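A.B. asks: Mind having a look at this structure? Questions to follow.
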Amino acid sequence: MMSLTIALIADIHGNLAAFDAVLDALKAEPPDQIVCLGDVAATGPQPREVLQRLHELGCPIVMGNADAELLDVSPPGSETDEESRRIADISRWCAAQLDDADRAFLASFQPTVEIPLGEERRLLCCHGSPRSYDDVIVAVIPDDELDAMIGGYGATVIAGGHTHVRMLRAYRGREIVNPGSVGLAYQFFPDGSVRVPPWAEFAMLSQADDGVVSVDFRRVPYDRNATVRAMIDREMPHATWWAADWR
C-alpha cells in the first residue's frame, strides 16, 4: 500500500490572483500530484495568464463545460434571458483573448483523468460527472439519480467540480469529492443572496499507508480587489455588473 497526497483544484475561471494564492499554498506544502477538474479560463479577466500557469504546472486537466464553450463559442443572440446574454458576452470576450496555442492547450483537456491509488483503488476525476461535464452532483441528489451518472464507474473516489460548492458524499461504498472553486467560490447568506468571498478553495486528498482515504478542504485568502480591478482595466464586458457580487 502506498501513501499519496493529491491536490484537487477546480473552477479557476480566469482569476489569476486566486490561482496564484493556491499555487503558493501548494508550494509551501507540495502534494505528490495535482489534478485540475476543469473550467479554467472562462468568465474571468485573465484567461490567458491562467492557461499559461496551468501549462507550466503540467498537471492533468479535465475538460469542463466552460472550457468547451471557449472552443465553440455561441453566436450573439442565442441566449434566452439578459443574465445569460451578459455571461455569454463575457465568455466570447475571453475566447477572443486566446491564440491558437491557447486553444490547442484547451483542446488537450481530457473528459476524465484516472489516478491509481494502489491495490486496485482508483481516483476518477471529472468535471460534472464521468458521464457529462454538464451533470450537477450536489449533497442531496438521490442515489438513483447518481446511479445514472456514476453507477457504471468502479473508482474508489470520484472527484468533480462544476457546482463551486465543497462536498464530500458517501455513495454505495465510494466517496464523491468536490473541492469547491479556486476562482469563483460562493458564499451563501440567509436572505438567499450569494457573494464571491475573498478566498480560493481547493482540497487535499490523502491516502495513508493502510489505504485509508481522507479529504482536507482548504481555503486561502487572496486579493479579490485585484481581480475586480483587472475586470475594469481590461474592459471586460459587463465588468461592473459582474463585479457587483465581489464586494
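In the C-alpha cells, chains take the letters A, B, ... in the order shown, each chain's residues start at 1, and ligands count up from 1 in the order shown.
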Would you kindly return, as a PyMOL selection string, each protein, DNA or RNA residue with an atom no farther than 12 Å from any atom of Gly118 (chain A), considering only C-alpha atoms and excluding same-chain residues fewer than 5 positions away?
C.D. replies: chain A and resi 1-4+123+155-156+207-213
A.B. asks: Please provide as a VMD selection string all residues within 7 Å of Ala159 (chain A), with the sequence filter that same-chain residues fewer than 5 positions apart are discarded (counting only C-alpha atoms).
C.D. replies: chain A and resid 124 to 126 176 to 178
A.B. asks: Take the residues from that selection and put them in a file with N, CA, C and O atoms, as a compact mmCIF listing (two decimals), in the first residue's frame.
C.D. replies:
# COMPACT_ATOMS: atom_id res chain seq x y z
N LEU A 124 -11.06 8.73 -9.82
CA LEU A 124 -11.58 9.13 -11.12
C LEU A 124 -11.97 10.60 -11.06
O LEU A 124 -12.82 10.99 -10.26
N CYS A 125 -11.33 11.42 -11.88
CA CYS A 125 -11.55 12.87 -11.88
C CYS A 125 -12.38 13.27 -13.09
O CYS A 125 -12.13 12.82 -14.21
N CYS A 126 -13.35 14.13 -12.85
CA CYS A 126 -14.24 14.60 -13.92
C CYS A 126 -14.58 16.06 -13.63
O CYS A 126 -14.04 16.67 -12.72
N ILE A 176 -17.52 10.67 -3.05
CA ILE A 176 -17.58 11.71 -4.08
C ILE A 176 -17.08 13.00 -3.45
O ILE A 176 -17.56 13.41 -2.39
N VAL A 177 -16.12 13.65 -4.11
CA VAL A 177 -15.47 14.84 -3.57
C VAL A 177 -15.62 16.00 -4.55
O VAL A 177 -15.43 15.83 -5.76
N ASN A 178 -15.97 17.17 -4.03
CA ASN A 178 -15.91 18.42 -4.79
C ASN A 178 -15.08 19.39 -3.97
O ASN A 178 -15.43 19.70 -2.83
A.B. asks: From the options A:Val22, A:Leu146, A:Leu106, A:Val73, which residue's atoms come nearest to Trp93 (chain A), counting only C-alpha atoms?
C.D. replies: A:Val73
A.B. asks: Between A:Ile115, A:Ala170, A:Leu37, A:Val157, which is the closest to Val140 (chain A) once you count only C-alpha atoms?
C.D. replies: A:Ala170
A.B. asks: Apply DSSP to the backbone of this structure and, from region 4-66 of chain A, keep only the residues in helix (DSSP H, G or I); write these as a list in words.
C.D. replies: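 Taking region 4-66 of chain A and keeping helix (DSSP H, G or I) only, one gets Leu16, Ala17, Ala18, Phe19, Asp20, Ala21, Val22, Leu23, Asp24, Ala25, Leu26, Lys27, Ala28, Pro47, Arg48, Glu49, Val50, Leu51, Gln52, Arg53, Leu54, His55, Glu56, Leu57, Asn65 and Ala66 of chain A.
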A.B. asks: Just the residues within 9 Å of Leu16 (chain A), please, counting only C-alpha atoms, with nothing from its chain fewer than 6 positions along; format it as an mmCIF file with all heavy atoms, in the first residue's frame.
C.D. replies:
data_model
loop_
_atom_site.group_PDB
_atom_site.id
_atom_site.type_symbol
_atom_site.label_atom_id
_atom_site.label_comp_id
_atom_site.auth_asym_id
_atom_site.auth_seq_id
_atom_site.Cartn_x
_atom_site.Cartn_y
_atom_site.Cartn_z
ATOM 1 N N GLY A 44 -13.558 35.128 -16.526
ATOM 2 C CA GLY A 44 -12.633 35.863 -15.670
ATOM 3 C C GLY A 44 -11.768 36.793 -16.495
ATOM 4 O O GLY A 44 -11.664 36.645 -17.722
ATOM 5 N N PRO A 45 -11.103 37.761 -15.843
ATOM 6 C CA PRO A 45 -10.369 38.782 -16.598
ATOM 7 C C PRO A 45 -9.007 38.359 -17.112
ATOM 8 O O PRO A 45 -8.394 39.095 -17.886
ATOM 9 C CB PRO A 45 -10.228 39.915 -15.576
ATOM 10 C CG PRO A 45 -10.179 39.219 -14.250
ATOM 11 C CD PRO A 45 -11.115 38.045 -14.399
ATOM 12 N N GLN A 46 -8.492 37.197 -16.684
ATOM 13 C CA GLN A 46 -7.128 36.798 -17.065
ATOM 14 C C GLN A 46 -7.098 35.371 -17.619
ATOM 15 O O GLN A 46 -6.384 34.506 -17.104
ATOM 16 C CB GLN A 46 -6.209 36.930 -15.851
ATOM 17 C CG GLN A 46 -6.059 38.367 -15.388
ATOM 18 C CD GLN A 46 -6.168 38.507 -13.887
ATOM 19 O OE1 GLN A 46 -6.961 37.830 -13.236
ATOM 20 N NE2 GLN A 46 -5.374 39.393 -13.319
ATOM 21 N N PRO A 47 -7.848 35.100 -18.681
ATOM 22 C CA PRO A 47 -7.892 33.727 -19.207
ATOM 23 C C PRO A 47 -6.541 33.228 -19.709
ATOM 24 O O PRO A 47 -6.170 32.080 -19.433
ATOM 25 C CB PRO A 47 -8.918 33.815 -20.336
ATOM 26 C CG PRO A 47 -8.970 35.256 -20.721
ATOM 27 C CD PRO A 47 -8.704 36.012 -19.459
ATOM 28 N N GLU A 49 -3.446 34.241 -18.879
ATOM 29 C CA GLU A 49 -2.467 34.081 -17.814
ATOM 30 C C GLU A 49 -2.726 32.805 -17.021
ATOM 31 O O GLU A 49 -1.784 32.104 -16.629
ATOM 32 C CB GLU A 49 -2.497 35.296 -16.889
ATOM 33 C CG GLU A 49 -1.978 36.581 -17.516
ATOM 34 C CD GLU A 49 -3.032 37.359 -18.284
ATOM 35 O OE1 GLU A 49 -4.099 36.781 -18.586
ATOM 36 O OE2 GLU A 49 -2.792 38.535 -18.590
ATOM 37 N N VAL A 50 -3.981 32.502 -16.764
ATOM 38 C CA VAL A 50 -4.308 31.268 -16.052
ATOM 39 C C VAL A 50 -3.905 30.050 -16.879
ATOM 40 O O VAL A 50 -3.334 29.087 -16.356
ATOM 41 C CB VAL A 50 -5.803 31.233 -15.697
ATOM 42 C CG1 VAL A 50 -6.216 29.832 -15.247
ATOM 43 C CG2 VAL A 50 -6.106 32.245 -14.594
ATOM 44 N N ARG A 53 -0.189 29.569 -16.581
ATOM 45 C CA ARG A 53 0.200 28.961 -15.307
ATOM 46 C C ARG A 53 -0.061 27.455 -15.338
ATOM 47 O O ARG A 53 0.756 26.658 -14.871
ATOM 48 C CB ARG A 53 -0.600 29.580 -14.164
ATOM 49 C CG ARG A 53 -0.267 31.005 -13.818
ATOM 50 C CD ARG A 53 1.001 31.139 -12.996
ATOM 51 N NE ARG A 53 1.030 32.441 -12.359
ATOM 52 C CZ ARG A 53 1.341 33.584 -12.956
ATOM 53 N NH1 ARG A 53 1.667 33.589 -14.252
ATOM 54 N NH2 ARG A 53 1.342 34.732 -12.288
ATOM 55 N N GLY A 183 -11.403 30.097 -8.236
ATOM 56 C CA GLY A 183 -11.560 31.486 -8.652
ATOM 57 C C GLY A 183 -12.937 32.071 -8.535
ATOM 58 O O GLY A 183 -13.112 33.286 -8.742
ATOM 59 N N THR A 227 -8.606 41.261 -8.636
ATOM 60 C CA THR A 227 -9.381 40.630 -9.702
ATOM 61 C C THR A 227 -10.432 41.594 -10.240
ATOM 62 O O THR A 227 -10.633 41.705 -11.457
ATOM 63 C CB THR A 227 -10.040 39.340 -9.195
ATOM 64 O OG1 THR A 227 -9.025 38.455 -8.717
ATOM 65 C CG2 THR A 227 -10.827 38.652 -10.296
#
A.B. asks: Which residues come within 12 Å of Thr240 (chain A), counting only C-alpha atoms, excluding same-chain residues fewer than 3 positions away, as JSON, numbers by chain?
C.D. replies: {"A": [86, 90, 228, 229, 230, 231, 232, 233, 234, 235, 236, 237, 243, 244, 245, 246, 247]}
A.B. asks: Generate a file of the selected residues that holds N, CA, C and O atoms, formatted as a PDB file, in the first residue's frame.
C.D. replies:
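Saved result, result.pdb, follows:
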ATOM      1  N   ARG A  86     -25.383  38.377 -20.893  1.00  0.00           N
ATOM      2  CA  ARG A  86     -24.202  39.041 -20.361  1.00  0.00           C
ATOM      3  C   ARG A  86     -23.070  38.047 -20.097  1.00  0.00           C
ATOM      4  O   ARG A  86     -21.903  38.325 -20.413  1.00  0.00           O
ATOM      5  N   ILE A  90     -19.284  37.833 -21.874  1.00  0.00           N
ATOM      6  CA  ILE A  90     -18.006  37.715 -21.169  1.00  0.00           C
ATOM      7  C   ILE A  90     -17.226  36.506 -21.697  1.00  0.00           C
ATOM      8  O   ILE A  90     -16.012  36.589 -21.939  1.00  0.00           O
ATOM      9  N   VAL A 228     -11.091  42.332  -9.353  1.00  0.00           N
ATOM     10  CA  VAL A 228     -12.084  43.319  -9.791  1.00  0.00           C
ATOM     11  C   VAL A 228     -11.413  44.416 -10.616  1.00  0.00           C
ATOM     12  O   VAL A 228     -11.937  44.830 -11.661  1.00  0.00           O
ATOM     13  N   ARG A 229     -10.256  44.881 -10.172  1.00  0.00           N
ATOM     14  CA  ARG A 229      -9.535  45.906 -10.944  1.00  0.00           C
ATOM     15  C   ARG A 229      -9.171  45.396 -12.334  1.00  0.00           C
ATOM     16  O   ARG A 229      -9.247  46.140 -13.329  1.00  0.00           O
ATOM     17  N   ALA A 230      -8.773  44.130 -12.407  1.00  0.00           N
ATOM     18  CA  ALA A 230      -8.432  43.558 -13.716  1.00  0.00           C
ATOM     19  C   ALA A 230      -9.643  43.529 -14.641  1.00  0.00           C
ATOM     20  O   ALA A 230      -9.522  43.755 -15.850  1.00  0.00           O
ATOM     21  N   MET A 231     -10.828  43.243 -14.094  1.00  0.00           N
ATOM     22  CA  MET A 231     -12.050  43.276 -14.908  1.00  0.00           C
ATOM     23  C   MET A 231     -12.248  44.652 -15.529  1.00  0.00           C
ATOM     24  O   MET A 231     -12.559  44.779 -16.728  1.00  0.00           O
ATOM     25  N   ILE A 232     -12.085  45.690 -14.701  1.00  0.00           N
ATOM     26  CA  ILE A 232     -12.312  47.052 -15.166  1.00  0.00           C
ATOM     27  C   ILE A 232     -11.205  47.493 -16.123  1.00  0.00           C
ATOM     28  O   ILE A 232     -11.471  48.022 -17.210  1.00  0.00           O
ATOM     29  N   ASP A 233      -9.958  47.288 -15.716  1.00  0.00           N
ATOM     30  CA  ASP A 233      -8.822  47.764 -16.505  1.00  0.00           C
ATOM     31  C   ASP A 233      -8.764  47.125 -17.879  1.00  0.00           C
ATOM     32  O   ASP A 233      -8.354  47.763 -18.862  1.00  0.00           O
ATOM     33  N   ARG A 234      -9.173  45.875 -17.969  1.00  0.00           N
ATOM     34  CA  ARG A 234      -9.107  45.167 -19.246  1.00  0.00           C
ATOM     35  C   ARG A 234     -10.390  45.312 -20.065  1.00  0.00           C
ATOM     36  O   ARG A 234     -10.530  44.703 -21.110  1.00  0.00           O
ATOM     37  N   GLU A 235     -11.315  46.105 -19.527  1.00  0.00           N
ATOM     38  CA  GLU A 235     -12.574  46.389 -20.221  1.00  0.00           C
ATOM     39  C   GLU A 235     -13.330  45.105 -20.568  1.00  0.00           C
ATOM     40  O   GLU A 235     -13.857  44.948 -21.671  1.00  0.00           O
ATOM     41  N   MET A 236     -13.371  44.206 -19.615  1.00  0.00           N
ATOM     42  CA  MET A 236     -14.179  43.002 -19.762  1.00  0.00           C
ATOM     43  C   MET A 236     -15.643  43.411 -19.873  1.00  0.00           C
ATOM     44  O   MET A 236     -16.098  44.284 -19.128  1.00  0.00           O
ATOM     45  N   PRO A 237     -16.397  42.853 -20.787  1.00  0.00           N
ATOM     46  CA  PRO A 237     -17.806  43.242 -20.925  1.00  0.00           C
ATOM     47  C   PRO A 237     -18.575  43.063 -19.611  1.00  0.00           C
ATOM     48  O   PRO A 237     -18.348  42.089 -18.880  1.00  0.00           O
ATOM     49  N   ALA A 243     -18.825  42.372 -11.302  1.00  0.00           N
ATOM     50  CA  ALA A 243     -18.062  42.607 -10.073  1.00  0.00           C
ATOM     51  C   ALA A 243     -18.944  42.940  -8.883  1.00  0.00           C
ATOM     52  O   ALA A 243     -18.458  42.951  -7.742  1.00  0.00           O
ATOM     53  N   ALA A 244     -20.235  43.188  -9.109  1.00  0.00           N
ATOM     54  CA  ALA A 244     -21.113  43.604  -8.014  1.00  0.00           C
ATOM     55  C   ALA A 244     -21.169  42.557  -6.909  1.00  0.00           C
ATOM     56  O   ALA A 244     -21.305  42.910  -5.720  1.00  0.00           O
ATOM     57  N   ASP A 245     -21.080  41.271  -7.241  1.00  0.00           N
ATOM     58  CA  ASP A 245     -21.121  40.209  -6.236  1.00  0.00           C
ATOM     59  C   ASP A 245     -19.769  39.966  -5.576  1.00  0.00           C
ATOM     60  O   ASP A 245     -19.651  39.092  -4.713  1.00  0.00           O
ATOM     61  N   TRP A 246     -18.750  40.718  -5.984  1.00  0.00           N
ATOM     62  CA  TRP A 246     -17.408  40.510  -5.463  1.00  0.00           C
ATOM     63  C   TRP A 246     -17.052  41.512  -4.364  1.00  0.00           C
ATOM     64  O   TRP A 246     -15.911  41.561  -3.925  1.00  0.00           O
ATOM     65  N   ARG A 247     -17.990  42.318  -3.933  1.00  0.00           N
ATOM     66  CA  ARG A 247     -17.670  43.375  -2.953  1.00  0.00           C
ATOM     67  C   ARG A 247     -18.323  43.100  -1.610  1.00  0.00           C
ATOM     68  O   ARG A 247     -19.301  42.374  -1.523  1.00  0.00           O
TER      69      ARG A 247
END
A.B. asks: Which residues come within 8 Å of region 38-40 of chain A, counting only C-alpha atoms, excluding same-chain residues fewer than 2 positions away, as a list in words?
C.D. replies: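 Neighbouring residues, sequence-local ones excluded: Ala10, Asp11, Ile12, His13, Gly14, Cys36, Ala42, Pro47, Val50, Leu51, Ile61, Val62, Met63, Gly64, Asn65, Ala66, Asp67, Cys126, His127, Gly161 and His162 of chain A.
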A.B. asks: Based on the backbone DSSP call, show me all residues of region 59-241 of chain A assigned strand (DSSP E), as a PyMOL selection string.
C.D. replies: chain A and resi 113-118+121-125+157-159+167-171+174-178+187-188+194-195+199-207+213-221
A.B. asks: As a ChimeraX atom specification, please: the residues near region 197-203 of chain A (cut-off 8 Å, only C-alpha atoms, same-chain neighbours under 4 positions excluded).
C.D. replies: /A:7-10,18-19,21-22,179-187,215-224,246
A.B. asks: At what distance in Å, to one decimal, does CA of Pro75 (chain A) lie from CA of Val194 (chain A)?
C.D. replies: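 Between CA of Val194 (chain A) and CA of Pro75 (chain A) the gap works out to 28.8 Å.
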A.B. asks: I need the residue nearest Thr43 (chain A) from this list: A:Leu70, A:Glu114, A:Ile158, A:Phe189. Use only C-alpha atoms for the distance.
C.D. replies: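 Of A:Leu70, A:Glu114, A:Ile158, A:Phe189, the one nearest Thr43 (chain A), counting only C-alpha atoms, is A:Leu70.
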A.B. asks: For the atom pair CA of Pro31 (chain A) and CA of Thr5 (chain A), what is the interatomic distance in Å to one decimal place?
C.D. replies: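 Taking CA of Pro31 (chain A) and CA of Thr5 (chain A), their separation equals 5.2 Å.
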